[in-house]
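With mmCIF, C-alpha atoms inside, this is query-v7.cif:
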data_target
#
loop_
_atom_site.group_PDB
_atom_site.id
_atom_site.type_symbol
_atom_site.label_atom_id
_atom_site.label_comp_id
_atom_site.auth_asym_id
_atom_site.auth_seq_id
_atom_site.Cartn_x
_atom_site.Cartn_y
_atom_site.Cartn_z
ATOM 1 C CA MET A 690 103.901 250.448 110.630
ATOM 2 C CA PHE A 691 104.797 251.046 106.981
ATOM 3 C CA LYS A 692 106.102 247.656 105.927
ATOM 4 C CA ASN A 693 105.628 247.183 102.150
ATOM 5 C CA LYS A 694 104.463 250.787 101.805
ATOM 6 C CA ASN A 695 106.170 253.138 99.372
ATOM 7 C CA ILE A 696 106.682 256.732 100.319
ATOM 8 C CA MET A 697 108.040 259.662 98.374
ATOM 9 C CA ILE A 698 109.697 262.474 100.329
ATOM 10 C CA THR A 699 111.074 265.580 98.667
ATOM 11 C CA GLY A 700 114.136 267.400 99.934
ATOM 12 C CA THR A 701 115.703 264.498 101.808
ATOM 13 C CA ASN A 702 119.310 265.635 101.661
ATOM 14 C CA ARG A 703 119.186 267.641 104.896
ATOM 15 C CA GLY A 704 117.106 269.050 107.741
ATOM 16 C CA ILE A 705 113.587 267.836 108.370
ATOM 17 C CA GLY A 706 113.508 265.868 105.099
ATOM 18 C CA ARG A 707 116.566 263.844 106.013
ATOM 19 C CA THR A 708 115.186 263.097 109.459
ATOM 20 C CA MET A 709 111.834 262.062 107.948
ATOM 21 C CA LEU A 710 113.637 259.721 105.579
ATOM 22 C CA GLU A 711 115.325 258.020 108.535
ATOM 23 C CA ALA A 712 112.144 257.948 110.637
ATOM 24 C CA PHE A 713 109.963 256.430 107.882
ATOM 25 C CA ALA A 714 112.711 253.891 107.115
ATOM 26 C CA ARG A 715 112.740 252.842 110.783
ATOM 27 C CA GLU A 716 109.006 252.199 110.404
ATOM 28 C CA GLY A 717 109.738 249.816 107.525
ATOM 29 C CA ALA A 718 108.791 252.029 104.579
ATOM 30 C CA ASN A 719 110.432 251.838 101.178
ATOM 31 C CA ILE A 720 111.279 255.355 100.117
ATOM 32 C CA TRP A 721 111.668 257.377 96.960
ATOM 33 C CA ALA A 722 114.166 259.877 98.308
ATOM 34 C CA HIS A 723 114.236 263.102 96.365
ATOM 35 C CA ALA A 724 117.057 265.595 96.233
ATOM 36 C CA ARG A 725 117.948 268.283 93.739
ATOM 37 C CA LYS A 726 121.406 266.924 93.036
ATOM 38 C CA GLU A 727 123.344 263.784 93.712
ATOM 39 C CA THR A 728 126.220 264.072 96.169
ATOM 40 C CA SER A 729 128.437 261.378 97.651
ATOM 41 C CA GLU A 730 127.251 262.276 101.166
ATOM 42 C CA PHE A 731 123.610 261.873 100.125
ATOM 43 C CA THR A 732 124.253 258.544 98.420
ATOM 44 C CA GLU A 733 126.210 257.255 101.422
ATOM 45 C CA ASN A 734 123.431 258.242 103.800
ATOM 46 C CA LEU A 735 120.763 256.492 101.707
ATOM 47 C CA LYS A 736 122.876 253.342 101.585
ATOM 48 C CA HIS A 737 123.381 253.455 105.342
ATOM 49 C CA VAL A 738 119.687 254.056 106.131
ATOM 50 C CA SER A 739 118.647 251.331 103.701
ATOM 51 C CA GLU A 740 121.018 248.773 105.191
ATOM 52 C CA ILE A 741 120.306 249.326 108.862
ATOM 53 C CA ASN A 742 116.539 249.272 108.346
ATOM 54 C CA ALA A 743 116.401 246.592 105.626
ATOM 55 C CA VAL A 744 114.255 248.771 103.382
ATOM 56 C CA GLU A 745 114.547 249.862 99.783
ATOM 57 C CA ILE A 746 115.547 253.473 99.268
ATOM 58 C CA MET A 747 115.478 254.741 95.728
ATOM 59 C CA PRO A 748 117.150 258.089 95.046
ATOM 60 C CA ILE A 749 115.393 260.421 92.672
ATOM 61 C CA PHE A 750 116.866 263.684 91.462
ATOM 62 C CA PHE A 751 115.206 266.730 89.981
ATOM 63 C CA ASP A 752 114.994 270.450 90.422
ATOM 64 C CA MET A 753 111.562 271.203 91.872
ATOM 65 C CA THR A 754 111.084 274.052 89.411
ATOM 66 C CA ASN A 755 111.986 271.992 86.344
ATOM 67 C CA SER A 756 108.718 270.518 85.046
ATOM 68 C CA LEU A 757 110.389 268.276 82.515
ATOM 69 C CA GLU A 758 112.760 266.706 85.032
ATOM 70 C CA MET A 759 109.889 266.287 87.480
ATOM 71 C CA LYS A 760 107.681 264.532 84.907
ATOM 72 C CA GLN A 761 110.514 262.204 83.916
ATOM 73 C CA ALA A 762 111.056 261.305 87.560
ATOM 74 C CA VAL A 763 107.368 260.593 88.141
ATOM 75 C CA LYS A 764 107.266 258.513 84.942
ATOM 76 C CA GLU A 765 110.153 256.495 86.357
ATOM 77 C CA ILE A 766 108.121 255.874 89.511
ATOM 78 C CA SER A 767 105.066 254.985 87.434
ATOM 79 C CA ASP A 768 107.095 252.587 85.289
ATOM 80 C CA SER A 769 108.337 250.814 88.410
ATOM 81 C CA LYS A 770 104.727 249.627 88.939
ATOM 82 C CA LYS A 771 105.141 250.214 92.654
ATOM 83 C CA THR A 772 102.354 251.957 94.485
ATOM 84 C CA ILE A 773 102.905 255.369 96.010
ATOM 85 C CA ASP A 774 101.172 255.245 99.357
ATOM 86 C CA VAL A 775 102.407 258.530 100.800
ATOM 87 C CA LEU A 776 103.797 261.746 99.369
ATOM 88 C CA VAL A 777 105.547 264.148 101.719
ATOM 89 C CA ASN A 778 106.057 267.536 100.107
ATOM 90 C CA ASN A 779 108.954 268.747 102.200
ATOM 91 C CA ALA A 780 111.319 270.561 99.825
ATOM 92 C CA GLY A 781 111.172 274.309 100.142
ATOM 93 C CA ILE A 782 113.219 277.444 100.468
ATOM 94 C CA ALA A 783 113.263 279.992 103.255
ATOM 95 C CA HIS A 784 113.232 283.718 102.884
ATOM 96 C CA GLY A 785 112.731 286.572 105.284
ATOM 97 C CA GLY A 786 112.558 290.223 104.406
ATOM 98 C CA LEU A 787 110.313 293.209 104.637
ATOM 99 C CA PHE A 788 107.844 293.727 101.812
ATOM 100 C CA GLN A 789 109.484 296.957 100.657
ATOM 101 C CA MET A 790 112.830 295.189 100.522
ATOM 102 C CA THR A 791 111.750 292.049 98.690
ATOM 103 C CA SER A 792 111.837 292.036 94.915
ATOM 104 C CA LEU A 793 108.962 290.560 92.975
ATOM 105 C CA GLU A 794 111.464 288.243 91.376
ATOM 106 C CA LYS A 795 112.359 286.858 94.809
ATOM 107 C CA MET A 796 108.668 286.472 95.693
ATOM 108 C CA ARG A 797 108.136 284.518 92.453
ATOM 109 C CA ASP A 798 111.167 282.329 93.173
ATOM 110 C CA VAL A 799 109.871 281.480 96.633
ATOM 111 C CA PHE A 800 106.369 280.741 95.330
ATOM 112 C CA ASP A 801 107.778 278.635 92.492
ATOM 113 C CA VAL A 802 109.508 276.278 94.925
ATOM 114 C CA ASN A 803 107.203 276.402 97.959
ATOM 115 C CA TYR A 804 103.865 276.455 96.169
ATOM 116 C CA PHE A 805 103.675 275.906 92.400
ATOM 117 C CA SER A 806 106.183 273.070 92.226
ATOM 118 C CA VAL A 807 104.426 271.347 95.143
ATOM 119 C CA LEU A 808 101.119 271.577 93.304
ATOM 120 C CA GLU A 809 102.662 270.253 90.109
ATOM 121 C CA LEU A 810 104.246 267.266 91.834
ATOM 122 C CA THR A 811 101.041 266.599 93.760
ATOM 123 C CA GLN A 812 99.057 266.657 90.503
ATOM 124 C CA LEU A 813 101.327 263.994 89.029
ATOM 125 C CA ILE A 814 101.622 261.776 92.089
ATOM 126 C CA SER A 815 97.947 262.002 93.012
ATOM 127 C CA ARG A 816 97.122 260.635 89.543
ATOM 128 C CA LEU A 817 99.112 257.526 90.475
ATOM 129 C CA MET A 818 97.302 257.373 93.811
ATOM 130 C CA VAL A 819 93.926 257.604 92.053
ATOM 131 C CA ARG A 820 94.705 254.263 90.374
ATOM 132 C CA GLN A 821 94.974 252.553 93.753
ATOM 133 C CA LYS A 822 92.131 254.617 95.286
ATOM 134 C CA LYS A 823 94.213 255.289 98.383
ATOM 135 C CA GLY A 824 96.932 257.626 99.506
ATOM 136 C CA SER A 825 98.078 260.223 101.930
ATOM 137 C CA ILE A 826 99.664 263.542 101.037
ATOM 138 C CA ILE A 827 101.454 265.647 103.631
ATOM 139 C CA ASN A 828 102.532 269.178 102.927
ATOM 140 C CA ILE A 829 105.226 270.634 105.128
ATOM 141 C CA ALA A 830 104.044 274.195 105.632
ATOM 142 C CA SER A 831 105.068 276.505 108.482
ATOM 143 C CA ILE A 832 103.589 278.477 111.329
ATOM 144 C CA SER A 833 104.738 281.447 109.226
ATOM 145 C CA GLY A 834 101.877 280.555 106.902
ATOM 146 C CA LEU A 835 99.398 280.799 109.787
ATOM 147 C CA ASP A 836 100.790 283.602 111.944
ATOM 148 C CA LEU A 837 101.579 286.034 109.172
ATOM 149 C CA LYS A 838 103.847 288.738 110.533
ATOM 150 C CA ALA A 839 106.288 291.356 109.276
ATOM 151 C CA GLY A 840 109.016 289.908 107.084
ATOM 152 C CA ASN A 841 106.892 287.103 105.721
ATOM 153 C CA CYS A 842 105.623 288.554 102.452
ATOM 154 C CA ALA A 843 107.292 285.790 100.417
ATOM 155 C CA TYR A 844 107.910 282.708 102.591
ATOM 156 C CA GLY A 845 104.907 283.138 104.881
ATOM 157 C CA THR A 846 102.465 283.864 102.088
ATOM 158 C CA SER A 847 103.764 280.935 100.027
ATOM 159 C CA LYS A 848 103.113 278.640 103.004
ATOM 160 C CA ALA A 849 99.706 280.251 103.576
ATOM 161 C CA ALA A 850 98.880 279.415 99.960
ATOM 162 C CA LEU A 851 100.053 275.858 100.534
ATOM 163 C CA ILE A 852 97.847 275.548 103.617
ATOM 164 C CA ALA A 853 94.872 276.841 101.609
ATOM 165 C CA ALA A 854 95.606 274.380 98.802
ATOM 166 C CA THR A 855 95.782 271.569 101.371
ATOM 167 C CA LYS A 856 92.185 272.285 102.313
ATOM 168 C CA VAL A 857 90.981 272.440 98.710
ATOM 169 C CA LEU A 858 92.787 269.266 97.680
ATOM 170 C CA SER A 859 91.459 267.409 100.703
ATOM 171 C CA TYR A 860 87.937 267.906 99.381
ATOM 172 C CA GLU A 861 88.803 267.155 95.756
ATOM 173 C CA LEU A 862 90.819 264.005 96.427
ATOM 174 C CA ALA A 863 88.675 262.544 99.205
ATOM 175 C CA PRO A 864 86.376 260.725 96.745
ATOM 176 C CA GLN A 865 89.484 258.907 95.486
ATOM 177 C CA GLY A 866 90.450 257.786 98.984
ATOM 178 C CA ILE A 867 93.320 260.254 99.266
ATOM 179 C CA ARG A 868 93.845 262.284 102.427
ATOM 180 C CA VAL A 869 95.688 265.615 102.304
ATOM 181 C CA ASN A 870 97.071 267.299 105.407
ATOM 182 C CA ALA A 871 99.728 269.818 106.316
ATOM 183 C CA ILE A 872 102.172 270.223 109.156
ATOM 184 C CA ALA A 873 103.073 273.706 110.323
ATOM 185 C CA PRO A 874 106.366 273.422 112.181
ATOM 186 C CA GLY A 875 107.511 276.208 114.453
ATOM 187 C CA LEU A 876 111.147 277.140 114.616
ATOM 188 C CA THR A 877 112.992 273.844 114.222
ATOM 189 C CA ASP A 878 116.625 273.018 114.866
ATOM 190 C CA THR A 879 117.914 272.750 111.282
ATOM 191 C CA ASN A 880 120.421 274.509 109.031
ATOM 192 C CA MET A 881 117.552 276.658 107.754
ATOM 193 C CA THR A 882 117.116 278.088 111.263
ATOM 194 C CA VAL A 883 120.825 278.884 111.525
ATOM 195 C CA LEU A 884 120.378 281.217 108.552
ATOM 196 C CA MET A 885 117.793 283.215 110.493
ATOM 197 C CA GLU A 886 118.740 286.448 112.228
ATOM 198 C CA LYS A 887 119.678 285.455 115.803
ATOM 199 C CA LYS A 888 117.580 288.170 117.437
ATOM 200 C CA ALA A 889 114.459 287.089 115.560
ATOM 201 C CA GLY A 890 115.109 283.419 116.318
ATOM 202 C CA ASP A 891 115.576 284.043 120.024
ATOM 203 C CA ALA A 892 112.372 286.082 120.130
ATOM 204 C CA MET A 893 110.432 283.252 118.469
ATOM 205 C CA VAL A 894 111.768 280.705 120.951
ATOM 206 C CA ARG A 895 110.773 282.953 123.868
ATOM 207 C CA GLU A 896 107.223 283.042 122.477
ATOM 208 C CA THR A 897 106.846 279.261 122.722
ATOM 209 C CA ALA A 898 105.323 277.696 125.814
ATOM 210 C CA LEU A 899 108.024 275.033 125.816
ATOM 211 C CA ASN A 900 110.728 277.698 125.394
ATOM 212 C CA ARG A 901 112.898 275.782 122.928
ATOM 213 C CA LEU A 902 113.424 274.943 119.287
ATOM 214 C CA GLY A 903 111.566 271.984 117.839
ATOM 215 C CA LEU A 904 113.503 268.906 116.814
ATOM 216 C CA PRO A 905 113.330 267.529 113.267
ATOM 217 C CA GLU A 906 112.388 264.169 114.803
ATOM 218 C CA GLU A 907 109.287 265.763 116.341
ATOM 219 C CA ILE A 908 108.167 266.920 112.903
ATOM 220 C CA ALA A 909 108.961 263.511 111.426
ATOM 221 C CA GLN A 910 106.868 261.719 114.045
ATOM 222 C CA THR A 911 103.923 263.982 113.225
ATOM 223 C CA ALA A 912 104.300 263.120 109.544
ATOM 224 C CA ILE A 913 104.374 259.414 110.433
ATOM 225 C CA PHE A 914 101.134 259.798 112.378
ATOM 226 C CA LEU A 915 99.373 261.704 109.579
ATOM 227 C CA ALA A 916 100.593 259.212 106.975
ATOM 228 C CA SER A 917 99.419 256.230 108.996
ATOM 229 C CA ASP A 918 96.008 254.624 109.250
ATOM 230 C CA LYS A 919 95.831 256.019 112.784
ATOM 231 C CA ALA A 920 94.936 259.298 111.076
ATOM 232 C CA SER A 921 92.402 257.679 108.742
ATOM 233 C CA PHE A 922 89.655 260.200 109.645
ATOM 234 C CA ILE A 923 91.895 263.254 109.384
ATOM 235 C CA THR A 924 92.065 265.244 106.181
ATOM 236 C CA GLY A 925 92.296 268.902 105.213
ATOM 237 C CA GLN A 926 93.985 269.798 108.477
ATOM 238 C CA THR A 927 97.062 271.809 109.281
ATOM 239 C CA LEU A 928 98.678 270.534 112.427
ATOM 240 C CA ARG A 929 100.833 273.006 114.348
ATOM 241 C CA VAL A 930 103.987 271.491 115.794
ATOM 242 C CA ASP A 931 105.358 274.599 117.396
ATOM 243 C CA GLY A 932 105.967 274.070 121.105
ATOM 244 C CA GLY A 933 102.880 276.107 121.943
ATOM 245 C CA MET A 934 102.475 279.547 120.448
ATOM 246 C CA MET B 1346 93.683 243.105 73.194
ATOM 247 C CA THR B 1347 93.692 245.907 70.590
ATOM 248 C CA ASN B 1348 94.075 249.545 71.527
ATOM 249 C CA ILE B 1349 90.433 250.317 70.778
ATOM 250 C CA GLU B 1350 89.362 247.429 73.001
ATOM 251 C CA LYS B 1351 91.613 248.723 75.802
ATOM 252 C CA TYR B 1352 90.231 252.223 75.249
ATOM 253 C CA ILE B 1353 86.628 251.080 75.479
ATOM 254 C CA GLN B 1354 87.381 248.929 78.485
ATOM 255 C CA SER B 1355 88.839 251.967 80.274
ATOM 256 C CA PHE B 1356 85.545 253.805 79.736
ATOM 257 C CA THR B 1357 83.399 250.908 80.860
ATOM 258 C CA ALA B 1358 85.542 250.412 83.975
ATOM 259 C CA ALA B 1359 85.713 254.100 84.859
ATOM 260 C CA PHE B 1360 82.026 254.882 84.317
ATOM 261 C CA ASP B 1361 80.395 251.531 84.955
ATOM 262 C CA ILE B 1362 78.717 251.459 81.534
ATOM 263 C CA GLU B 1363 78.328 248.979 78.662
ATOM 264 C CA ALA B 1364 80.707 249.052 75.687
ATOM 265 C CA GLU B 1365 77.821 249.989 73.388
ATOM 266 C CA GLN B 1366 77.336 253.245 75.302
ATOM 267 C CA CYS B 1367 80.858 254.550 74.654
ATOM 268 C CA GLU B 1368 80.454 255.787 71.069
ATOM 269 C CA GLY B 1369 79.428 259.450 71.040
ATOM 270 C CA LEU B 1370 79.876 259.826 74.787
ATOM 271 C CA GLU B 1371 80.747 263.314 75.991
ATOM 272 C CA TYR B 1372 82.083 264.753 79.249
ATOM 273 C CA GLN B 1373 79.182 265.232 81.674
ATOM 274 C CA GLY B 1374 76.919 263.424 79.179
ATOM 275 C CA ILE B 1375 76.274 260.763 81.804
ATOM 276 C CA GLU B 1376 76.121 261.055 85.564
ATOM 277 C CA THR B 1377 79.309 259.089 86.208
ATOM 278 C CA TRP B 1378 81.439 261.168 83.799
ATOM 279 C CA ASP B 1379 81.749 264.117 86.150
ATOM 280 C CA SER B 1380 85.023 265.737 87.228
ATOM 281 C CA VAL B 1381 85.779 262.969 89.721
ATOM 282 C CA GLY B 1382 84.926 260.281 87.173
ATOM 283 C CA HIS B 1383 87.090 262.097 84.650
ATOM 284 C CA MET B 1384 90.181 261.696 86.854
ATOM 285 C CA GLY B 1385 89.332 258.026 87.285
ATOM 286 C CA LEU B 1386 89.192 257.635 83.502
ATOM 287 C CA ILE B 1387 92.538 259.408 83.064
ATOM 288 C CA ALA B 1388 94.142 257.196 85.718
ATOM 289 C CA GLU B 1389 92.748 254.139 83.928
ATOM 290 C CA LEU B 1390 94.025 255.275 80.513
ATOM 291 C CA GLU B 1391 97.470 256.214 81.840
ATOM 292 C CA ASP B 1392 97.748 252.817 83.453
ATOM 293 C CA VAL B 1393 96.496 250.821 80.468
ATOM 294 C CA PHE B 1394 98.576 252.661 77.840
ATOM 295 C CA ASP B 1395 101.551 253.353 80.136
ATOM 296 C CA ILE B 1396 101.558 257.070 79.446
ATOM 297 C CA MET B 1397 101.593 260.283 81.455
ATOM 298 C CA MET B 1398 99.250 262.890 80.067
ATOM 299 C CA ASP B 1399 99.813 266.631 80.200
ATOM 300 C CA THR B 1400 97.314 268.640 82.203
ATOM 301 C CA ASP B 1401 96.190 270.527 79.074
ATOM 302 C CA ASP B 1402 95.305 267.231 77.406
ATOM 303 C CA ILE B 1403 93.373 266.086 80.472
ATOM 304 C CA ILE B 1404 91.354 269.296 80.274
ATOM 305 C CA ASP B 1405 90.802 268.938 76.508
ATOM 306 C CA PHE B 1406 89.660 265.321 76.835
ATOM 307 C CA SER B 1407 86.011 266.216 76.297
ATOM 308 C CA SER B 1408 84.562 263.180 74.559
ATOM 309 C CA PHE B 1409 85.120 259.574 73.541
ATOM 310 C CA GLU B 1410 86.158 260.746 70.063
ATOM 311 C CA LYS B 1411 88.357 263.629 71.219
ATOM 312 C CA GLY B 1412 90.125 261.239 73.586
ATOM 313 C CA LYS B 1413 91.252 259.056 70.695
ATOM 314 C CA GLU B 1414 92.731 262.114 68.990
ATOM 315 C CA ILE B 1415 94.558 263.146 72.184
ATOM 316 C CA LEU B 1416 95.944 259.675 72.810
ATOM 317 C CA GLY B 1417 97.431 259.841 69.317
ATOM 318 C CA LYS B 1418 99.877 262.395 70.718
ATOM 319 C CA TYR B 1419 101.173 259.668 72.999
ATOM 320 C CA ASP B 1420 101.646 257.229 70.111
ATOM 321 C CA VAL B 1421 98.488 255.313 70.896
ATOM 322 C CA GLU B 1422 97.049 254.436 67.493
ATOM 323 C CA PHE B 1423 93.545 253.208 66.778
#

Will you turn the file into C-alpha cells for me?
Amino acid sequence: MFKNKNIMITGTNRGIGRTMLEAFAREGANIWAHARKETSEFTENLKHVSEINAVEIMPIFFDMTNSLEMKQAVKEISDSKKTIDVLVNNAGIAHGGLFQMTSLEKMRDVFDVNYFSVLELTQLISRLMVRQKKGSIINIASISGLDLKAGNCAYGTSKAALIAATKVLSYELAPQGIRVNAIAPGLTDTNMTVLMEKKAGDAMVRETALNRLGLPEEIAQTAIFLASDKASFITGQTLRVDGGM
Amino acid sequence: MTNIEKYIQSFTAAFDIEAEQCEGLEYQGIETWDSVGHMGLIAELEDVFDIMMDTDDIIDFSSFEKGKEILGKYDVEF
C-alpha cells in the first residue's frame, strides 16, 4: 500500500511507535525512524525490519524539545531530496497526577514534548509537504484528551491541545493537499501502561465495551488507514480507538 | 541561472504572475499573495536555494525587497 512512499514516525524505539514502524514497513513504506538516542537494540531492530520487508529505514535522532537538533534532522531529510508523504507524530510522555499535586514545571515539561515540539516538527515537515502539494499528518493523541477526568491536568490537557491543533491545521493545510488527523487510543498494552497505577488501569479496562486493553497493532492499523488514500476524504478528525467507551 | 533569476522565478511560479510584476510587490498586494500563497512561495524558495528558513523570517518576509534582505541571512547573495 505504501510502496515508494516515505514516512516519518517519531518515537519508534518502543511501544506504539515501534509497532507502527513494523506495520508501515510491512506495507512497503520507507521510513525515517526517529528516536531520542541511538541504542544497539534500536539499531538492530531497524536493520531487522528493513531486511525482512525489503524497505529502507533511516534512523534519525533528536530530542523532541531541542529545536536545533530537530531543525538539523529535518534539513537532513530535506537534503535527501526524498518526499515525505506521511508524518506520524507519536513521541510523547505520560503523566498522571492531581492538579494540586502537579508542579507547573511538570505541566510545562509535558506540554513541551506532547504539544509544542509536535507543532514545531509539523511546521518544518509540512513545509516540505507543501512543495509536493500532498501529505498526511497523523497525531497520536489519547482518549485522555477527549474524556478529561481527574488526574489529567498535564497529560490530558496536552493531548486536548493537540486534538484542537489537529482541527486547526486540517483547515490551514487543506489548500496544500495535506490532510491532518489524530488518533485517540484508549488504554493500550505498552510499557507506558505498565507505569500506570494498577487500580486506575483496571477501572479503565472495565469501562470499555470490549473489556480489554488495546493492542499497539490496532493503533498502527488505524494509522495506516488514515495515512492511506482510502482516507482521502478524511481530515481534521480524531478517531477513537478505545474498545468502546 | 543567477540568484536573482531564481528568486524572480520563485515569485512567478508561486503567484502565477509575470516577472515584470515582481518589483515592488508586497504581501497581500495581489490576490494570490495571501497567507496560503505565502507558504507556497516559502516552499519554493527553500527548495530553489536549498535552505530552511526560521519562522520569524517567514513572518517578516513582507515584500519582494524585504525577501532579498532576509535571504541574505542564508548566504543567498543578489

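Every residue that the PyMOL selection byres ((chain A) within 7 of (chain B)) selects in this file is listed here: Lys764, Arg816, Leu817, Val819 and Arg820 of chain A.
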
task = Report the residues retrieved by the PyMOL selection byres ((chain A and resi 769-776) around 6) from the displayed file, expressed as a ChimeraX atom specification.
result = /A:695-697,766-768,777,824-826

Could you dump the residues just selected with C-alpha atoms as an mmCIF file, in the coordinates of the input?
data_model
loop_
_atom_site.group_PDB
_atom_site.id
_atom_site.type_symbol
_atom_site.label_atom_id
_atom_site.label_comp_id
_atom_site.auth_asym_id
_atom_site.auth_seq_id
_atom_site.Cartn_x
_atom_site.Cartn_y
_atom_site.Cartn_z
ATOM 1 C CA ASN A 695 106.170 253.138 99.372
ATOM 2 C CA ILE A 696 106.682 256.732 100.319
ATOM 3 C CA MET A 697 108.040 259.662 98.374
ATOM 4 C CA ILE A 766 108.121 255.874 89.511
ATOM 5 C CA SER A 767 105.066 254.985 87.434
ATOM 6 C CA ASP A 768 107.095 252.587 85.289
ATOM 7 C CA VAL A 777 105.547 264.148 101.719
ATOM 8 C CA GLY A 824 96.932 257.626 99.506
ATOM 9 C CA SER A 825 98.078 260.223 101.930
ATOM 10 C CA ILE A 826 99.664 263.542 101.037
#

ask   = Any chance you could work out the residue set of the PyMOL selection byres ((chain A and resi 734-749) around 8) here, as a list of chain:residue names?
value = A:Glu711, A:Ala714, A:Arg715, A:Gly717, A:Ala718, A:Asn719, A:Ile720, A:Trp721, A:Ala722, A:His723, A:Ala724, A:Glu730, A:Phe731, A:Thr732, A:Glu733, A:Phe750, A:Phe751, A:Ala762

request  = Rounded to one decimal place, report the CA of Ala889 (chain A)-CA of Gly840 (chain A) distance in Å.
outcome  = 10.5 Å

query = Which protein, DNA or RNA residues are at most 12 Å from (79.1, 251.1, 72.5) in the file's coordinates when you count all atoms listed in the file, listed as a list in words?
reply =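 Neighbouring residues, ordered by chain and number, come to Ile1349, Glu1350, Tyr1352, Ile1353, Gln1354, Phe1356, Thr1357, Ile1362, Glu1363, Ala1364, Glu1365, Gln1366, Cys1367, Glu1368, Gly1369, Leu1370 and Phe1409 of chain B.
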